[in-house]
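Asker: For reference, this is structure25.cif, and it has mmCIF, C-alpha atoms and all ligand atoms.
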```
data_run
loop_
_atom_site.group_PDB
_atom_site.id
_atom_site.type_symbol
_atom_site.label_atom_id
_atom_site.label_comp_id
_atom_site.auth_asym_id
_atom_site.auth_seq_id
_atom_site.Cartn_x
_atom_site.Cartn_y
_atom_site.Cartn_z
ATOM 1 C CA MET A 137 -50.463 -97.142 0.036
ATOM 2 C CA GLY A 138 -51.569 -100.654 1.142
ATOM 3 C CA PRO A 139 -49.653 -103.841 0.407
ATOM 4 C CA GLU A 140 -52.061 -104.806 -2.460
ATOM 5 C CA THR A 141 -51.226 -101.638 -4.332
ATOM 6 C CA VAL A 142 -47.508 -102.256 -3.870
ATOM 7 C CA SER A 143 -47.764 -105.849 -5.136
ATOM 8 C CA ASN A 144 -49.392 -104.588 -8.367
ATOM 9 C CA VAL A 145 -46.368 -102.479 -9.131
ATOM 10 C CA ASP A 146 -44.036 -103.735 -11.859
ATOM 11 C CA PRO A 147 -41.327 -105.867 -10.130
ATOM 12 C CA ILE A 148 -38.562 -103.780 -11.702
ATOM 13 C CA ASP A 149 -40.072 -100.526 -10.396
ATOM 14 C CA ARG A 150 -40.551 -102.155 -7.016
ATOM 15 C CA ALA A 151 -36.917 -103.254 -6.785
ATOM 16 C CA GLU A 152 -35.885 -99.752 -7.807
ATOM 17 C CA ALA A 153 -38.094 -98.183 -5.137
ATOM 18 C CA GLU A 154 -36.576 -100.479 -2.509
ATOM 19 C CA ARG A 155 -33.041 -99.581 -3.571
ATOM 20 C CA ASP A 156 -33.991 -95.930 -3.607
ATOM 21 C CA VAL A 157 -34.713 -95.990 0.156
ATOM 22 C CA THR A 158 -31.331 -97.607 0.750
ATOM 23 C CA ALA A 159 -29.549 -95.027 -1.395
ATOM 24 C CA ARG A 160 -31.279 -92.130 0.373
ATOM 25 C CA VAL A 161 -30.362 -93.429 3.835
ATOM 26 C CA ILE A 162 -26.748 -93.996 2.799
ATOM 27 C CA ASP A 163 -26.697 -90.485 1.396
ATOM 28 C CA SER A 164 -28.100 -89.067 4.643
ATOM 29 C CA PHE A 165 -24.866 -90.104 6.371
ATOM 30 C CA ALA A 166 -22.609 -88.520 3.742
ATOM 31 C CA ALA A 167 -21.737 -85.496 5.895
ATOM 32 C CA THR A 168 -20.692 -87.526 8.945
ATOM 33 C CA PRO A 169 -17.350 -85.872 9.772
ATOM 34 C CA ASP A 170 -15.672 -88.937 11.267
ATOM 35 C CA GLU A 171 -14.614 -90.970 8.251
ATOM 36 C CA ARG A 172 -14.592 -94.335 10.019
ATOM 37 C CA PHE A 173 -17.988 -93.729 11.627
ATOM 38 C CA ARG A 174 -19.402 -92.660 8.240
ATOM 39 C CA PHE A 175 -18.079 -95.838 6.635
ATOM 40 C CA ILE A 176 -19.604 -97.990 9.398
ATOM 41 C CA LEU A 177 -23.011 -96.272 9.211
ATOM 42 C CA GLN A 178 -23.204 -96.494 5.432
ATOM 43 C CA SER A 179 -22.060 -100.109 5.318
ATOM 44 C CA LEU A 180 -24.474 -101.025 8.125
ATOM 45 C CA THR A 181 -27.332 -99.477 6.135
ATOM 46 C CA GLU A 182 -26.309 -101.325 2.972
ATOM 47 C CA HIS A 183 -26.127 -104.722 4.690
ATOM 48 C CA LEU A 184 -29.159 -104.262 6.931
ATOM 49 C CA HIS A 185 -31.328 -103.267 3.974
ATOM 50 C CA ALA A 186 -29.959 -106.131 1.870
ATOM 51 C CA PHE A 187 -30.899 -108.516 4.685
ATOM 52 C CA VAL A 188 -34.460 -107.176 4.875
ATOM 53 C CA ARG A 189 -34.849 -107.452 1.083
ATOM 54 C CA ASP A 190 -33.308 -110.923 1.119
ATOM 55 C CA VAL A 191 -35.711 -112.398 3.696
ATOM 56 C CA ARG A 192 -38.675 -110.214 2.491
ATOM 57 C CA LEU A 193 -39.226 -109.247 6.148
ATOM 58 C CA THR A 194 -42.902 -109.045 7.121
ATOM 59 C CA GLU A 195 -44.170 -106.319 9.431
ATOM 60 C CA ALA A 196 -45.090 -108.934 12.062
ATOM 61 C CA GLU A 197 -41.513 -110.267 11.954
ATOM 62 C CA TRP A 198 -40.129 -106.733 12.230
ATOM 63 C CA GLU A 199 -42.285 -106.193 15.346
ATOM 64 C CA LYS A 200 -41.070 -109.462 16.856
ATOM 65 C CA GLY A 201 -37.497 -108.426 16.191
ATOM 66 C CA ILE A 202 -38.031 -105.059 17.871
ATOM 67 C CA ASP A 203 -39.688 -106.762 20.843
ATOM 68 C CA PHE A 204 -36.775 -109.208 21.089
ATOM 69 C CA LEU A 205 -34.139 -106.443 21.062
ATOM 70 C CA THR A 206 -36.163 -104.434 23.590
ATOM 71 C CA ARG A 207 -36.152 -107.393 25.960
ATOM 72 C CA VAL A 208 -32.425 -107.942 25.389
ATOM 73 C CA GLY A 209 -31.935 -104.370 26.602
ATOM 74 C CA GLN A 210 -34.381 -104.634 29.491
ATOM 75 C CA ILE A 211 -32.721 -107.682 31.070
ATOM 76 C CA SER A 212 -29.248 -106.129 30.827
ATOM 77 C CA ASP A 213 -27.609 -104.352 33.745
ATOM 78 C CA ASP A 214 -24.106 -104.060 35.178
ATOM 79 C CA ARG A 215 -24.069 -107.787 36.043
ATOM 80 C CA ARG A 216 -25.972 -109.148 33.050
ATOM 81 C CA GLN A 217 -24.955 -108.205 29.494
ATOM 82 C CA GLU A 218 -27.498 -109.831 27.195
ATOM 83 C CA PHE A 219 -26.269 -107.960 24.092
ATOM 84 C CA ILE A 220 -22.816 -109.521 24.475
ATOM 85 C CA LEU A 221 -24.488 -112.885 24.935
ATOM 86 C CA LEU A 222 -26.447 -112.281 21.723
ATOM 87 C CA SER A 223 -23.241 -111.364 19.912
ATOM 88 C CA ASP A 224 -21.641 -114.539 21.323
ATOM 89 C CA VAL A 225 -24.368 -116.958 20.182
ATOM 90 C CA LEU A 226 -24.487 -115.346 16.721
ATOM 91 C CA GLY A 227 -20.731 -115.909 16.374
ATOM 92 C CA LEU A 228 -20.134 -112.135 16.109
ATOM 93 C CA SER A 229 -17.804 -112.105 19.103
ATOM 94 C CA MET A 230 -15.601 -114.837 17.635
ATOM 95 C CA LEU A 231 -15.633 -113.173 14.204
ATOM 96 C CA THR A 232 -14.514 -109.859 15.733
ATOM 97 C CA ILE A 233 -11.780 -111.641 17.712
ATOM 98 C CA GLY A 234 -10.622 -113.389 14.531
ATOM 99 C CA ILE A 235 -10.410 -110.082 12.635
ATOM 100 C CA ASN A 236 -8.545 -108.302 15.411
ATOM 101 C CA HIS A 237 -6.258 -111.165 16.445
ATOM 102 C CA PRO A 238 -5.187 -112.870 13.236
ATOM 103 C CA VAL A 239 -3.203 -116.022 13.854
ATOM 104 C CA VAL A 240 0.463 -115.205 14.477
ATOM 105 C CA ALA A 241 2.638 -118.199 13.526
ATOM 106 C CA GLY A 242 3.595 -120.050 16.672
ATOM 107 C CA ALA A 243 1.557 -117.894 19.064
ATOM 108 C CA THR A 244 -1.289 -119.198 21.236
ATOM 109 C CA GLU A 245 -4.704 -118.525 19.731
ATOM 110 C CA SER A 246 -7.337 -116.270 21.312
ATOM 111 C CA THR A 247 -10.928 -117.015 22.077
ATOM 112 C CA VAL A 248 -13.983 -115.324 23.539
ATOM 113 C CA PHE A 249 -13.613 -113.280 26.760
ATOM 114 C CA GLY A 250 -17.040 -114.046 28.219
ATOM 115 C CA PRO A 251 -18.874 -112.042 30.886
ATOM 116 C CA PHE A 252 -17.376 -113.598 34.017
ATOM 117 C CA PHE A 253 -13.947 -111.960 34.351
ATOM 118 C CA LEU A 254 -13.440 -109.788 37.436
ATOM 119 C CA GLU A 255 -10.688 -107.243 38.041
ATOM 120 C CA ASP A 256 -8.909 -107.617 41.368
ATOM 121 C CA ALA A 257 -9.018 -111.394 41.664
ATOM 122 C CA PRO A 258 -6.734 -112.514 44.518
ATOM 123 C CA ARG A 259 -3.039 -113.041 43.866
ATOM 124 C CA ILE A 260 -1.660 -116.507 44.486
ATOM 125 C CA ALA A 261 1.949 -117.660 44.614
ATOM 126 C CA LEU A 262 3.310 -120.140 42.076
ATOM 127 C CA GLY A 263 1.758 -123.482 43.004
ATOM 128 C CA GLY A 264 -1.147 -121.807 44.856
ATOM 129 C CA ASP A 265 -4.815 -122.723 44.619
ATOM 130 C CA ILE A 266 -7.402 -120.651 42.736
ATOM 131 C CA SER A 267 -10.461 -122.583 43.910
ATOM 132 C CA GLY A 268 -11.183 -120.525 47.040
ATOM 133 C CA GLY A 269 -13.646 -123.204 48.147
ATOM 134 C CA ALA A 270 -15.404 -123.652 44.772
ATOM 135 C CA SER A 271 -16.482 -127.287 44.384
ATOM 136 C CA GLY A 272 -14.867 -129.614 41.872
ATOM 137 C CA GLU A 273 -12.103 -132.082 41.186
ATOM 138 C CA PRO A 274 -8.628 -130.609 41.785
ATOM 139 C CA CYS A 275 -6.568 -130.022 38.650
ATOM 140 C CA TRP A 276 -2.847 -129.234 38.527
ATOM 141 C CA VAL A 277 -2.233 -126.733 35.726
ATOM 142 C CA SER A 278 1.307 -125.923 34.640
ATOM 143 C CA GLY A 279 3.347 -124.655 31.733
ATOM 144 C CA ARG A 280 5.628 -121.899 30.497
ATOM 145 C CA VAL A 281 4.996 -118.507 29.001
ATOM 146 C CA THR A 282 7.350 -117.664 26.137
ATOM 147 C CA GLY A 283 7.549 -115.399 23.084
ATOM 148 C CA ILE A 284 7.365 -116.768 19.547
ATOM 149 C CA ASP A 285 11.161 -117.170 19.417
ATOM 150 C CA GLY A 286 11.030 -119.322 22.521
ATOM 151 C CA GLU A 287 12.350 -116.661 24.912
ATOM 152 C CA PRO A 288 10.965 -117.191 28.433
ATOM 153 C CA ILE A 289 8.782 -114.356 29.737
ATOM 154 C CA ALA A 290 9.416 -113.847 33.431
ATOM 155 C CA GLY A 291 6.866 -111.859 35.446
ATOM 156 C CA ALA A 292 3.993 -112.339 32.960
ATOM 157 C CA ARG A 293 0.661 -111.800 34.680
ATOM 158 C CA ILE A 294 -1.717 -114.723 34.327
ATOM 159 C CA GLU A 295 -5.388 -114.282 35.242
ATOM 160 C CA VAL A 296 -7.397 -117.507 35.456
ATOM 161 C CA TRP A 297 -11.086 -118.018 36.094
ATOM 162 C CA GLU A 298 -13.518 -120.903 35.852
ATOM 163 C CA ALA A 299 -16.894 -122.284 36.899
ATOM 164 C CA ASP A 300 -17.356 -124.777 39.744
ATOM 165 C CA ASP A 301 -18.545 -128.312 39.016
ATOM 166 C CA GLU A 302 -22.166 -127.179 39.316
ATOM 167 C CA GLY A 303 -21.612 -124.824 36.405
ATOM 168 C CA HIS A 304 -21.513 -121.568 38.357
ATOM 169 C CA TYR A 305 -18.973 -118.767 38.460
ATOM 170 C CA ASP A 306 -18.570 -117.041 41.819
ATOM 171 C CA VAL A 307 -20.344 -113.924 40.446
ATOM 172 C CA GLN A 308 -23.437 -116.110 40.095
ATOM 173 C CA TYR A 309 -23.391 -117.103 43.792
ATOM 174 C CA GLU A 310 -25.909 -115.474 46.117
ATOM 175 C CA ASP A 311 -23.143 -114.156 48.381
ATOM 176 C CA GLU A 312 -20.040 -112.100 47.607
ATOM 177 C CA ARG A 313 -17.577 -115.011 47.780
ATOM 178 C CA VAL A 314 -14.600 -114.887 45.420
ATOM 179 C CA ALA A 315 -13.848 -118.410 44.178
ATOM 180 C CA GLY A 316 -12.490 -120.137 41.096
ATOM 181 C CA ARG A 317 -10.349 -117.181 40.094
ATOM 182 C CA ALA A 318 -6.932 -115.700 40.838
ATOM 183 C CA HIS A 319 -3.873 -114.141 39.283
ATOM 184 C CA LEU A 320 -0.248 -115.148 39.471
ATOM 185 C CA PHE A 321 3.077 -114.213 37.888
ATOM 186 C CA THR A 322 5.464 -116.425 35.962
ATOM 187 C CA GLY A 323 8.854 -117.285 37.448
ATOM 188 C CA ASP A 324 12.350 -116.555 36.031
ATOM 189 C CA GLN A 325 12.054 -119.128 33.260
ATOM 190 C CA GLY A 326 8.480 -118.146 32.378
ATOM 191 C CA GLU A 327 7.168 -121.124 34.329
ATOM 192 C CA TYR A 328 3.824 -121.201 36.126
ATOM 193 C CA ARG A 329 1.782 -123.730 38.054
ATOM 194 C CA PHE A 330 -1.352 -123.719 40.170
ATOM 195 C CA TRP A 331 -4.174 -125.842 41.466
ATOM 196 C CA GLY A 332 -7.522 -125.222 39.796
ATOM 197 C CA LEU A 333 -10.553 -127.415 39.130
ATOM 198 C CA THR A 334 -11.000 -129.895 36.286
ATOM 199 C CA PRO A 335 -13.319 -127.908 33.979
ATOM 200 C CA THR A 336 -16.886 -129.172 33.521
ATOM 201 C CA PRO A 337 -19.543 -128.066 30.983
ATOM 202 C CA TYR A 338 -22.041 -125.361 31.965
ATOM 203 C CA PRO A 339 -24.785 -123.370 30.245
ATOM 204 C CA ILE A 340 -24.439 -119.705 29.327
ATOM 205 C CA PRO A 341 -27.190 -117.656 31.052
ATOM 206 C CA HIS A 342 -30.294 -118.862 29.191
ATOM 207 C CA ASP A 343 -33.205 -117.573 31.258
ATOM 208 C CA GLY A 344 -33.587 -114.492 29.030
ATOM 209 C CA PRO A 345 -34.357 -113.662 25.381
ATOM 210 C CA VAL A 346 -31.088 -115.185 24.121
ATOM 211 C CA GLY A 347 -32.030 -118.448 25.840
ATOM 212 C CA GLU A 348 -35.438 -118.282 24.102
ATOM 213 C CA LEU A 349 -33.727 -117.811 20.759
ATOM 214 C CA LEU A 350 -31.507 -120.859 21.352
ATOM 215 C CA ASP A 351 -34.544 -122.841 22.427
ATOM 216 C CA HIS A 352 -36.527 -121.949 19.293
ATOM 217 C CA ALA A 353 -33.551 -122.906 17.167
ATOM 218 C CA HIS A 354 -33.087 -126.229 19.039
ATOM 219 C CA ARG A 355 -29.579 -125.106 19.961
ATOM 220 C CA THR A 356 -27.864 -125.944 23.224
ATOM 221 C CA PRO A 357 -26.858 -123.206 25.708
ATOM 222 C CA MET A 358 -23.987 -125.440 26.920
ATOM 223 C CA ARG A 359 -20.384 -124.406 26.630
ATOM 224 C CA ALA A 360 -17.665 -127.001 26.217
ATOM 225 C CA SER A 361 -15.674 -127.469 29.467
ATOM 226 C CA HIS A 362 -12.955 -124.829 29.696
ATOM 227 C CA LEU A 363 -10.629 -122.796 31.878
ATOM 228 C CA HIS A 364 -10.167 -119.074 31.099
ATOM 229 C CA PHE A 365 -6.771 -117.363 30.825
ATOM 230 C CA MET A 366 -5.741 -113.773 30.261
ATOM 231 C CA VAL A 367 -1.992 -113.261 29.974
ATOM 232 C CA THR A 368 -0.208 -109.907 29.830
ATOM 233 C CA ALA A 369 3.457 -108.902 29.769
ATOM 234 C CA PRO A 370 5.218 -105.685 28.723
ATOM 235 C CA ASP A 371 6.091 -105.605 24.981
ATOM 236 C CA TYR A 372 3.781 -108.541 24.193
ATOM 237 C CA GLY A 373 0.196 -108.603 22.927
ATOM 238 C CA ARG A 374 -2.486 -109.355 25.496
ATOM 239 C CA LEU A 375 -3.781 -112.911 25.167
ATOM 240 C CA VAL A 376 -7.376 -113.778 26.101
ATOM 241 C CA THR A 377 -8.026 -117.460 25.705
ATOM 242 C CA HIS A 378 -9.263 -120.724 27.242
ATOM 243 C CA ILE A 379 -8.130 -124.306 27.296
ATOM 244 C CA PHE A 380 -10.702 -126.978 26.527
ATOM 245 C CA VAL A 381 -10.831 -130.600 27.669
ATOM 246 C CA ALA A 382 -9.968 -133.161 24.960
ATOM 247 C CA GLY A 383 -12.720 -135.747 24.548
ATOM 248 C CA ASP A 384 -15.518 -133.449 25.744
ATOM 249 C CA PRO A 385 -18.474 -134.220 23.423
ATOM 250 C CA ARG A 386 -19.567 -130.564 23.664
ATOM 251 C CA LEU A 387 -16.495 -129.329 21.769
ATOM 252 C CA GLU A 388 -18.523 -129.610 18.539
ATOM 253 C CA THR A 389 -21.537 -127.672 19.779
ATOM 254 C CA ASP A 390 -20.058 -124.965 22.006
ATOM 255 C CA ALA A 391 -22.835 -122.340 22.286
ATOM 256 C CA VAL A 392 -20.510 -119.412 21.489
ATOM 257 C CA PHE A 393 -18.273 -121.045 18.820
ATOM 258 C CA GLY A 394 -15.230 -120.512 21.036
ATOM 259 C CA VAL A 395 -13.432 -123.818 20.429
ATOM 260 C CA LYS A 396 -10.191 -123.840 18.439
ATOM 261 C CA GLU A 397 -8.374 -127.105 17.927
ATOM 262 C CA SER A 398 -5.052 -125.754 19.208
ATOM 263 C CA LEU A 399 -6.699 -124.928 22.548
ATOM 264 C CA VAL A 400 -7.987 -128.454 23.191
ATOM 265 C CA LYS A 401 -5.695 -130.054 25.786
ATOM 266 C CA HIS A 402 -5.340 -133.477 27.312
ATOM 267 C CA PHE A 403 -6.278 -133.483 30.994
ATOM 268 C CA SER A 404 -4.690 -136.617 32.512
ATOM 269 C CA PRO A 405 -6.841 -138.304 35.144
ATOM 270 C CA HIS A 406 -5.264 -139.516 38.407
ATOM 271 C CA THR A 407 -6.578 -141.518 41.329
ATOM 272 C CA ALA A 408 -6.452 -140.285 44.922
ATOM 273 C CA SER A 409 -3.611 -142.668 45.688
ATOM 274 C CA GLU A 410 -1.244 -141.203 43.091
ATOM 275 C CA PRO A 411 1.265 -138.659 44.405
ATOM 276 C CA THR A 412 0.612 -135.088 43.288
ATOM 277 C CA PRO A 413 3.299 -132.956 41.580
ATOM 278 C CA ASP A 414 3.797 -130.728 44.642
ATOM 279 C CA GLY A 415 3.232 -133.389 47.305
ATOM 280 C CA ARG A 416 -0.148 -131.985 48.281
ATOM 281 C CA VAL A 417 -2.401 -134.603 49.839
ATOM 282 C CA VAL A 418 -5.576 -134.962 47.777
ATOM 283 C CA HIS A 419 -8.297 -137.317 48.951
ATOM 284 C CA THR A 420 -10.187 -137.465 45.671
ATOM 285 C CA SER A 421 -9.357 -138.149 42.059
ATOM 286 C CA TRP A 422 -7.480 -135.277 40.437
ATOM 287 C CA SER A 423 -6.200 -134.321 37.005
ATOM 288 C CA ASP A 424 -3.326 -132.473 35.454
ATOM 289 C CA VAL A 425 -2.832 -130.493 32.270
ATOM 290 C CA VAL A 426 0.144 -128.778 30.669
ATOM 291 C CA PHE A 427 -0.509 -125.533 28.790
ATOM 292 C CA ASP A 428 2.494 -123.762 27.282
ATOM 293 C CA ILE A 429 1.556 -120.230 26.334
ATOM 294 C CA VAL A 430 3.208 -118.311 23.493
ATOM 295 C CA LEU A 431 2.623 -114.563 23.364
ATOM 296 C CA SER A 432 2.839 -112.635 20.109
ATOM 297 C CA PRO A 433 4.842 -109.393 19.971
ATOM 298 C CA GLU A 434 2.901 -106.224 20.777
ATOM 299 C CA ARG A 435 1.344 -104.835 17.585
HETATM 300 C C1 LIG B 501 -17.786 -117.914 29.385
HETATM 301 O O1 LIG B 501 -17.064 -118.751 28.962
HETATM 302 O O2 LIG B 501 -17.606 -117.585 30.538
HETATM 303 C C2 LIG B 501 -18.875 -117.335 28.527
HETATM 304 C C3 LIG B 501 -18.586 -116.927 27.250
HETATM 305 C C4 LIG B 501 -19.593 -116.405 26.465
HETATM 306 C C5 LIG B 501 -20.883 -116.290 26.955
HETATM 307 C C6 LIG B 501 -21.170 -116.718 28.241
HETATM 308 C C7 LIG B 501 -20.164 -117.251 29.036
HETATM 309 FE FE FE B 502 -16.489 -119.627 30.886
#
```
Please lay out the structure from this file as structure tokens.
Answerer:
Amino acid sequence: MGPETVSNVDPIDRAEAERDVTARVIDSFAATPDERFRFILQSLTEHLHAFVRDVRLTEAEWEKGIDFLTRVGQISDDRRQEFILLSDVLGLSMLTIGINHPVVAGATESTVFGPFFLEDAPRIALGGDISGGASGEPCWVSGRVTGIDGEPIAGARIEVWEADDEGHYDVQYEDERVAGRAHLFTGDQGEYRFWGLTPTPYPIPHDGPVGELLDHAHRTPMRASHLHFMVTAPDYGRLVTHIFVAGDPRLETDAVFGVKESLVKHFSPHTASEPTPDGRVVHTSWSDVVFDIVLSPER
């Protein structure tokens, strides 16, 4: 049956025929033994079909969509995860985080994990330096890790990672250097401190199909300047978050919708001549930021 024939059909019959396909597909999943999986498959069918009916998807558009998803798969490997990037720019990652980490009163909010975390980052002592030679302005980062009742959490593991001032993470360097990342443990009173780099804005990888999508939509690939944290401690929920730099104009247009107001922090600028908190001699301007971290109880 060609499209002309279909368009001559009574609109009510046509709508019924369209719904009939949906109903039959939903029904085809009825015997899925795993209840949760069945629910997901049937709901996916319902919403996917509703979307196609809503936009009256043409066959040419369907082909373009298939081509796009094929290329998203083709560019992905163990270092490049274009599907996660797609989820990020569509806001799906942040939506999933929001559903799974509802705000706990008084606890630090979560945000997107991103693709640049590495296991086995070097350990530094309190007051150590995470830069490992990555370029950028030094930044003194300090604070305390506590629970929601204010109890200090000693021995919490803090993982931190960030891009250099050219917008690259170490995993994007040509060589195997480890830089701009480390882990450390809080002291007896939950305190922590380290030298990092003042965060600067950088683009998410945009040389693939997700970059094309952003380009077509006149959207920026730039992320607001940020520093990543992952904090874990026994009996507390794992926190994956960032801090953002107050005043950064990109806070409004972060490519992955990761900004939450509570995570925007004031980074105080300092000149080279000002003494640093730990007496380290710094020959350039530097900054400092305080980030007190509150972990929610384990769920
Ligand atoms: C990041 O912040 O590292 C990141 C997050 C989402 C997509 C790309 C990068
Ligand atoms: Fe990042």
Asker: Would you mind listing, for every residue of chain A within 7 Å of ligand LIG 501 (chain B), the two atoms forming the shortest contact and the distance between them in Å to one decimal, using only C-alpha atoms and all ligand atoms, sorted by chain and ascending residue number, as CSV?
Answerer:
```
residue,atom,partner,partner_atom,distance
A:Leu221,CA,B:LIG501,C5,5.4
A:Asp224,CA,B:LIG501,C4,5.8
A:Val248,CA,B:LIG501,C3,6.1
A:Phe249,CA,B:LIG501,C3,6.2
A:Gly250,CA,B:LIG501,C3,3.4
A:Pro251,CA,B:LIG501,C7,5.7
A:Phe252,CA,B:LIG501,O2,5.3
A:Ile340,CA,B:LIG501,C6,4.6
A:Pro341,CA,B:LIG501,C6,6.7
A:Arg359,CA,B:LIG501,O1,7.0
A:Val392,CA,B:LIG501,C4,5.9
```
Asker: Residues at most 10 Å from ligand FE 502 (chain B), using all atoms listed in the file? Could they come as a ChimeraX atom specification?
Answerer: /A:248-253,297-299,303-305,335-340,359-365,378,394
Asker: Please report the interatomic distance between CA of Glu295 (chain A) and CA of Tyr309 (chain A) in Å with one decimal.
Answerer: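 Interatomic distance here is 20.1 Å.
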Asker: Need the axis-aligned box for region 189-199 of chain A with 4 Å each side, so what are the centre and edges in Å to one decimal, as AutoDock Vina command-line options?
Answerer:
```
--center_x -39.2 --center_y -109.3 --center_z 8.2 --size_x 19.8 --size_y 14.2 --size_z 22.3
```
Asker: State, in Å with one decimal place, the distance from CA of Glu154 (chain A) to CA of Ala186 (chain A).
Answerer: 9.7 Å
Asker: Skipping near chain neighbours, those fewer than 3 positions away, what residues fall within 10 Å of Leu205 (chain A) using all atoms listed in the file, listed as a PDB file with C-alpha atoms, in the coordinates of the input?
Answerer:
```
ATOM      1  CA  GLU A 199     -42.285-106.193  15.346  1.00  0.00           C
ATOM      2  CA  LYS A 200     -41.070-109.462  16.856  1.00  0.00           C
ATOM      3  CA  GLY A 201     -37.497-108.426  16.191  1.00  0.00           C
ATOM      4  CA  ILE A 202     -38.031-105.059  17.871  1.00  0.00           C
ATOM      5  CA  VAL A 208     -32.425-107.942  25.389  1.00  0.00           C
ATOM      6  CA  GLY A 209     -31.935-104.370  26.602  1.00  0.00           C
ATOM      7  CA  GLN A 210     -34.381-104.634  29.491  1.00  0.00           C
ATOM      8  CA  GLU A 218     -27.498-109.831  27.195  1.00  0.00           C
ATOM      9  CA  PHE A 219     -26.269-107.960  24.092  1.00  0.00           C
ATOM     10  CA  LEU A 222     -26.447-112.281  21.723  1.00  0.00           C
ATOM     11  CA  PRO A 345     -34.357-113.662  25.381  1.00  0.00           C
ATOM     12  CA  VAL A 346     -31.088-115.185  24.121  1.00  0.00           C
TER      13      VAL A 346
END
```
Asker: Using CA of Pro370 (chain A) and CA of Val400 (chain A) as the two end points, give the distance in Å to one decimal.
Answerer: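 Separating CA of Pro370 (chain A) from CA of Val400 (chain A) is a distance of 26.9 Å.
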Asker: Evaluated on this file, the PyMOL selection byres (((chain A and resi 376) around 6) and not hetatm) picks out some residues - which ones are they, written as a PyMOL selection string?
Answerer: chain A and resi 246+365-366+375+377
Asker: Pull out every residue that the PyMOL selection byres (((chain A and resi 319) around 9) and not hetatm) matches in the shown coordinates and put them as a list in words.
Answerer: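 This file, filtered by the PyMOL selection byres (((chain A and resi 319) around 9) and not hetatm), leaves Asp256, Ala257, Pro258, Arg259, Ile260, Ala261, Ile266, Arg293, Ile294, Glu295, Val296, Trp297, Arg317, Ala318, Leu320 and Phe321 of chain A.
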Asker: Any idea what's packed within 12 Å of Val425 (chain A), counting all atoms listed in the file, ignoring anything in its chain fewer than 4 positions away? Could you give it as a ChimeraX atom specification?
Answerer: /A:274-279,329-335,362-363,379-382,399-406,413
Asker: Which residues of region 264-308 of chain A have any atom within 10 Å of an atom in region 322-327 of chain A when counting only C-alpha atoms, and what is the closest pair of atoms for each, with the distance in Å to one decimal? Order the rows by chain and rising number and write it as a Markdown table.
Answerer:
```
| residue | atom | partner | partner_atom | distance |
| --- | --- | --- | --- | --- |
| A:Ser278 | CA | A:Glu327 | CA | 7.6 |
| A:Gly279 | CA | A:Glu327 | CA | 5.8 |
| A:Arg280 | CA | A:Glu327 | CA | 4.2 |
| A:Val281 | CA | A:Gly326 | CA | 4.9 |
| A:Thr282 | CA | A:Gly326 | CA | 6.4 |
| A:Gly283 | CA | A:Gly326 | CA | 9.7 |
| A:Glu287 | CA | A:Gly326 | CA | 8.5 |
| A:Pro288 | CA | A:Gly326 | CA | 4.8 |
| A:Ile289 | CA | A:Gly326 | CA | 4.6 |
| A:Ala290 | CA | A:Gly326 | CA | 4.5 |
| A:Gly291 | CA | A:Thr322 | CA | 4.8 |
| A:Ala292 | CA | A:Thr322 | CA | 5.3 |
| A:Arg293 | CA | A:Thr322 | CA | 6.8 |
| A:Ile294 | CA | A:Thr322 | CA | 7.6 |
```
